[in-house]
Amino acid sequence: MDLRIGWLYGHEMNIYGDRGNVLALLHRARGRGLEAEADVIGVGDTFDLDRYDILFWGGGQDREQITVSADLQGQKGRDLKAAVEDGVPMLAICGGYQLLGDGYRPYEGDKLPGIGALDVTSEAGPTRFIGNVVVDSPEFGDLVGFENHSGLTFLGPGVDPLGRTRVGHGNNGRDGFEGARYRNTIGCYMHGALLPKNPRVTDWLIAKAVQRRGTSGELPPLRDHIESAAHGAVVKRALQLGR
Amino acid sequence: MNPISGARTIAAMAANRVIGTAIRRTGRGGGTAFPGMVATRIAPDLLDRLATRLPAGAVVVAGTNGKTTTTRMISDVLRNAGLDVAHNRTGSNLVRGIAGAFADQMPIAGSGPDIGVVEADENAFPEVVERVQPRVILLLNLFRDQLDRYGELESIASAWRPVIRGLGPETTLCVNADDPRLARLAEESGANVLAFGLSTAGISLPEMPHAADAAYCPVCGSRFDYSAIYLAHLGDWSCATCRRERPPLDLTVTDITSEGFERQCLRLEGWEPGRALDLDLALPGVYNAYNALGAAAVAKSLGIASEALASAVEEFRPAFGRLERVEMDGRLLTLTLAKNPTGFNEVIRMLDSTGYDGAVMIGINDLDADGRDVSWLWDVDFEVLARRNPPTIAAGIRGHDLALRMTYAGLEPDRLDSTVAGEPFDRVVDHLDSAIDPGERLFVLLTYTAMLQLRAVLAERGVVEQFWEQ
């Protein structure tokens with residue numbers, strides 16, 4: 001079977017190596033003999049809800065996020081929300097995570113509306129959180145990444161946290177949580193990129209996509225020694241450097 | 001000269017010299033930045049005063065990539081033209097480092113160098129211009145740096161704007177017009193502008209590299225159209241919405257002929273009316289073509305003879321860690337520093353286009369000077385290198401990240417050697433004994449502190465000089 005990845009705003013919102021997530025999905029899907037391809041869905045493009053098996057949305061700079069927010073105020077945003085509701089596996093990082101929620105309130109100026117697919121709200125914070133992150137996730141074990149955000153995100157009752165931060169600040173530096181989980185969607189602040197060094201998450205997204213096609217979600221294992229070494233090295237490095 | 005501040009200048013210069021000598025004698029480092037710091041503490045206007053003592057004025061070079069190589073070329077050109085040059089050659093490029101270098105190279109009394117060549121850090125640039133009052137400014141490029149410094153390019157451009165705007169016609173502004181941000185700055189300047197860029201459609205990239213960052217018009221926010229992309233976001237750009245486009249070029253390279261891994265030939269037009277000048281450049285890579293073109297722009301604006309330019313680029317000896325060739329027990333190492341994604345992309349492109357078929361070692365550190373975040377590895381087009389499937393040694397604190405990146409770029413597992421990933425560089429150098437056979441080549445591509453660490457080990461073992469001895 002083939003697996004089609006929709007890369008939301010791959011031109012407008014692709015900072016801090018978030019592209020690595022798409023590369024990881026392609027690599028590990030192809031490793032299982034799936035014919036995987038990725039398409040960028042950009043500003044002004046129509047979003048075909050039935051076309052994609054997995055969605056990915058990265059972070060962006062302020063100016064681009066304003067353009068993207070405007071692009072989602074209509075059918076496209078409603079379709080994207082429907083995809084999340086429908087259980088399309090999705091990963092959204094940083095700016096994508098914020099816009100998947102209720103939106104982002106800057107210090108000055110109007111609130112940047114999101115699409116309300118996740119019960120989270122975000123606002124500008126006083127400091128920028130920059131550094132390695134280690135998160136303990138009940139579903140995925142320990143996750144590693146690199147955070148770089150001044151936005152603070154708060155979780156509503158409609159979502160679960162992705163995990164608790166062991167190193168780093170996470171959603172807001174206050175409640176100890178990082179990321180959000182809802183249906184088959186993960187939102188979080190972890191760049192790095194996230195998926196290459198956390199292959200369990202990559203495989204979970206692929207397995208969910210395969211299940212939705214009506215086949216068993218059992219993926220044959222891959223030899224993961226390079227991923228494990230990179231993961232382990234970051235855990236060690238993060239603990240060594242501390243918060 | 002005001003006697004009190006004159007005495008202060010002399011005291012500062014003396015302190016600079018004594019401390020610099022002491023540091024070098026005790027072997028504690030290059031001794032270029034700290035003495036300058038003490039000297040500028042004693043005389044805060046030291047650099048201003050020293051600059052006024054240069055009869056032919058000064059050249060200030062800024063940009064994120066290629067400053068060290070380009071200032072060295074300019075310095076060689078000027079020396080070939082018979083000028084005595086003061087230059088912050090070790091790359092210590094903040095105000096204190098520049099002042100320290102000048103104080104070292106100028107006599108405390110009497111006449112000294114004719115002209116200054118200054119490599120300026122991009123954040124120090126406005127203050128350097130203010131103090132040095134240069135006769136020529138060269139703006140090379142603005143590429144996205146290690147990514148944990150957010151919004152850096154826009155804030156650098158904003159910090160430069162008032163300084164560039166305030167220049168008068170007595171200053172020549174040599175500007176790389178292929179960089180839309182820099183072209184915009186030059187448009188607003190009162191200086192005498194000399195625009196340079198490439199006109200070599202044959203080496204245009206098929207698409208914008210993933211690490212590129214300035215594809216949007218700073219005036220109206222539209223996406224630029226490019227009729228040619230030469231390097232990252234540098235190219236022949238235009239904006240359909242506000243009808244701005246790359247300005248006409250005063251100096252351009254119309255043809256680049258690569259001569260393998262060692263050299264390339266550049267056809268320079270605009271140097272003199274109606275006649276092209278062929279430059280035989282002793283460095284490969286499109287990025288070095290830009291560096292040589294920048295040096296040529298400065299030479300032209302200073303009225304230097306073509307022979308001085310041609311022989312300087314022909315005999316150019318690179319700075320430490322810029323395609324520096326060293327031999328280690330019969331193994332031929334080429335050491336190259338890459339500080340940001342564009343630097344990596346261009347070195348990889350150079351390896352690919354020159355058909356390099358030896359082994360590579362890539363070392364990634366994540367200390368402050370490298371950038372703490374290594375996410376940018378995923379923005380670099382390592383696929384271009386992986387397609388060649390070279391034996392690859394992964395090294396540095398974040399060597400395992402690099403190993404994973406190369407694997408996902410398509411490198412075959414049996415070509416990857418991550419034995420010394422994460423290990424200190426003395427272990428890495430030991431490992432090369434068994435990993436690389438004598439007579440074989442190894443291309444070494446490193447982030448900044450990885451380069452310092454590797455070179456320290458190589459210097460200890462007598463393979464290279466300490467960099468401040470160069």
# chains A, B, ... in the order shown; residues from 1 in each chain; ligands from 1
call {"tool": "interface_residues", "arguments": {"of": "chain B", "to": "chain A", "cutoff": "8 Å", "atoms": "only C-alpha atoms", "output": "ChimeraX atom specification"}}
result
/B:147-148,151,372-379,398,400-401,403-404,408,422
call {"tool": "write_last_selection", "arguments": {"atoms": "N, CA and C atoms", "output": "PDB file, in the first residue's frame"}}
result
ATOM      1  N   LEU B 147      20.461  27.949  14.790  1.00  0.00           N
ATOM      2  CA  LEU B 147      19.086  28.422  14.840  1.00  0.00           C
ATOM      3  C   LEU B 147      18.591  28.817  16.216  1.00  0.00           C
ATOM      4  N   ASP B 148      19.411  28.679  17.241  1.00  0.00           N
ATOM      5  CA  ASP B 148      18.868  29.061  18.547  1.00  0.00           C
ATOM      6  C   ASP B 148      18.996  30.565  18.807  1.00  0.00           C
ATOM      7  N   GLY B 151      15.228  34.878  14.993  1.00  0.00           N
ATOM      8  CA  GLY B 151      14.977  36.106  14.237  1.00  0.00           C
ATOM      9  C   GLY B 151      16.226  36.923  13.987  1.00  0.00           C
ATOM     10  N   ARG B 372      23.648  25.711  20.651  1.00  0.00           N
ATOM     11  CA  ARG B 372      23.270  24.587  21.509  1.00  0.00           C
ATOM     12  C   ARG B 372      22.316  23.623  20.806  1.00  0.00           C
ATOM     13  N   ASP B 373      21.583  24.160  19.866  1.00  0.00           N
ATOM     14  CA  ASP B 373      20.579  23.369  19.160  1.00  0.00           C
ATOM     15  C   ASP B 373      21.197  22.788  17.890  1.00  0.00           C
ATOM     16  N   VAL B 374      21.108  21.484  17.716  1.00  0.00           N
ATOM     17  CA  VAL B 374      21.621  20.895  16.475  1.00  0.00           C
ATOM     18  C   VAL B 374      20.494  20.498  15.519  1.00  0.00           C
ATOM     19  N   SER B 375      19.295  21.007  15.762  1.00  0.00           N
ATOM     20  CA  SER B 375      18.162  20.710  14.882  1.00  0.00           C
ATOM     21  C   SER B 375      18.471  21.026  13.421  1.00  0.00           C
ATOM     22  N   TRP B 376      19.319  22.039  13.204  1.00  0.00           N
ATOM     23  CA  TRP B 376      19.633  22.472  11.842  1.00  0.00           C
ATOM     24  C   TRP B 376      20.229  21.360  10.997  1.00  0.00           C
ATOM     25  N   LEU B 377      20.768  20.304  11.630  1.00  0.00           N
ATOM     26  CA  LEU B 377      21.289  19.182  10.846  1.00  0.00           C
ATOM     27  C   LEU B 377      20.230  18.679   9.862  1.00  0.00           C
ATOM     28  N   TRP B 378      18.957  18.812  10.261  1.00  0.00           N
ATOM     29  CA  TRP B 378      17.871  18.313   9.415  1.00  0.00           C
ATOM     30  C   TRP B 378      17.518  19.290   8.305  1.00  0.00           C
ATOM     31  N   ASP B 379      18.051  20.505   8.366  1.00  0.00           N
ATOM     32  CA  ASP B 379      17.843  21.473   7.279  1.00  0.00           C
ATOM     33  C   ASP B 379      18.950  21.408   6.233  1.00  0.00           C
ATOM     34  N   ARG B 398      27.846  15.709  19.407  1.00  0.00           N
ATOM     35  CA  ARG B 398      26.581  15.265  18.830  1.00  0.00           C
ATOM     36  C   ARG B 398      26.807  14.378  17.606  1.00  0.00           C
ATOM     37  N   HIS B 400      26.361  11.288  17.294  1.00  0.00           N
ATOM     38  CA  HIS B 400      25.287  10.318  17.044  1.00  0.00           C
ATOM     39  C   HIS B 400      24.111  10.954  16.294  1.00  0.00           C
ATOM     40  N   ASP B 401      23.891  12.239  16.519  1.00  0.00           N
ATOM     41  CA  ASP B 401      22.860  12.944  15.738  1.00  0.00           C
ATOM     42  C   ASP B 401      23.247  12.965  14.262  1.00  0.00           C
ATOM     43  N   ALA B 403      25.240  10.824  12.748  1.00  0.00           N
ATOM     44  CA  ALA B 403      25.151   9.461  12.221  1.00  0.00           C
ATOM     45  C   ALA B 403      23.717   9.158  11.782  1.00  0.00           C
ATOM     46  N   LEU B 404      22.772   9.576  12.608  1.00  0.00           N
ATOM     47  CA  LEU B 404      21.360   9.351  12.283  1.00  0.00           C
ATOM     48  C   LEU B 404      20.940  10.181  11.063  1.00  0.00           C
ATOM     49  N   TYR B 408      19.473   8.680   7.576  1.00  0.00           N
ATOM     50  CA  TYR B 408      18.184   9.052   6.985  1.00  0.00           C
ATOM     51  C   TYR B 408      18.367   9.776   5.654  1.00  0.00           C
ATOM     52  N   GLY B 422      30.726  11.168  19.886  1.00  0.00           N
ATOM     53  CA  GLY B 422      30.599  11.536  21.290  1.00  0.00           C
ATOM     54  C   GLY B 422      31.903  11.455  22.077  1.00  0.00           C
TER      55      GLY B 422
END
call {"tool": "residues_around", "arguments": {"residues": "region 286-295 of chain B", "least_positions_apart": "3", "cutoff": "6 Å", "atoms": "only C-alpha atoms", "output": "PyMOL selection string"}}
result
chain B and resi 70+74+298
call {"tool": "residues_around", "arguments": {"residues": "region 267-277 of chain B", "least_positions_apart": "3", "cutoff": "12 Å", "atoms": "only C-alpha atoms", "output": "PyMOL selection string"}}
result
chain B and resi 194-200+248-258+264+280-281+289-290+292-307+309-310
call {"tool": "residues_around", "arguments": {"residues": "Arg441 (chain B)", "least_positions_apart": "5", "cutoff": "8 Å", "atoms": "only C-alpha atoms", "output": "list in words"}}
result
Arg331, Leu332, Leu333, Thr334, Gly358, Ala359 and Ile436 of chain B
call {"tool": "residues_around", "arguments": {"residues": "Leu411 (chain B)", "least_positions_apart": "2", "cutoff": "9 Å", "atoms": "only C-alpha atoms", "output": "MDAnalysis selection string"}}
result
chainID B and resid 383 385:392 406:409 413:416
call {"tool": "residues_around", "arguments": {"residues": "region 104-110 of chain A", "least_positions_apart": "6", "cutoff": "8 Å", "atoms": "only C-alpha atoms", "output": "ChimeraX atom specification"}}
result
/A:98,121-124,151
call {"tool": "residues_around", "arguments": {"residues": "Arg181 (chain B)", "least_positions_apart": "4", "cutoff": "8 Å", "atoms": "only C-alpha atoms", "output": "list of chain:residue names"}}
result
B:Leu142, B:Ala157, B:Leu185, B:Ala214, B:Pro218
call {"tool": "write_last_selection", "arguments": {"atoms": "N, CA and C atoms", "output": "PDB file, in the first residue's frame"}}
result
ATOM      1  N   LEU B 142      24.034  37.596   4.355  1.00  0.00           N
ATOM      2  CA  LEU B 142      23.417  37.319   5.663  1.00  0.00           C
ATOM      3  C   LEU B 142      22.703  35.975   5.558  1.00  0.00           C
ATOM      4  N   ALA B 157      19.865  42.999  10.216  1.00  0.00           N
ATOM      5  CA  ALA B 157      19.592  43.972   9.155  1.00  0.00           C
ATOM      6  C   ALA B 157      19.067  45.289   9.740  1.00  0.00           C
ATOM      7  N   LEU B 185      19.353  47.280   1.882  1.00  0.00           N
ATOM      8  CA  LEU B 185      20.112  48.203   2.731  1.00  0.00           C
ATOM      9  C   LEU B 185      20.863  49.217   1.865  1.00  0.00           C
ATOM     10  N   ALA B 214      15.585  33.758   3.082  1.00  0.00           N
ATOM     11  CA  ALA B 214      15.157  35.123   2.754  1.00  0.00           C
ATOM     12  C   ALA B 214      14.340  35.167   1.477  1.00  0.00           C
ATOM     13  N   PRO B 218      11.346  41.926   1.648  1.00  0.00           N
ATOM     14  CA  PRO B 218      11.271  42.670   2.914  1.00  0.00           C
ATOM     15  C   PRO B 218      10.329  43.873   2.823  1.00  0.00           C
TER      16      PRO B 218
END
call {"tool": "atom_distance", "arguments": {"atom1": "CA of Ile364 (chain B)", "atom2": "CA of Gly179 (chain A)"}}
result
28.2 Å
call {"tool": "select_by_dssp", "arguments": {"residues": "region 41-243 of chain A", "states": "alpha helix (DSSP H)", "output": "MDAnalysis selection string"}}
result
chainID A and resid 62:71 75:85 95:100 194:197 199:212 225:241
call {"tool": "atom_distance", "arguments": {"atom1": "CA of Leu222 (chain A)", "atom2": "CA of Leu195 (chain A)"}}
result
14.7 Å
call {"tool": "atom_distance", "arguments": {"atom1": "CA of Val59 (chain B)", "atom2": "CA of Arg41 (chain B)"}}
result
24.4 Å
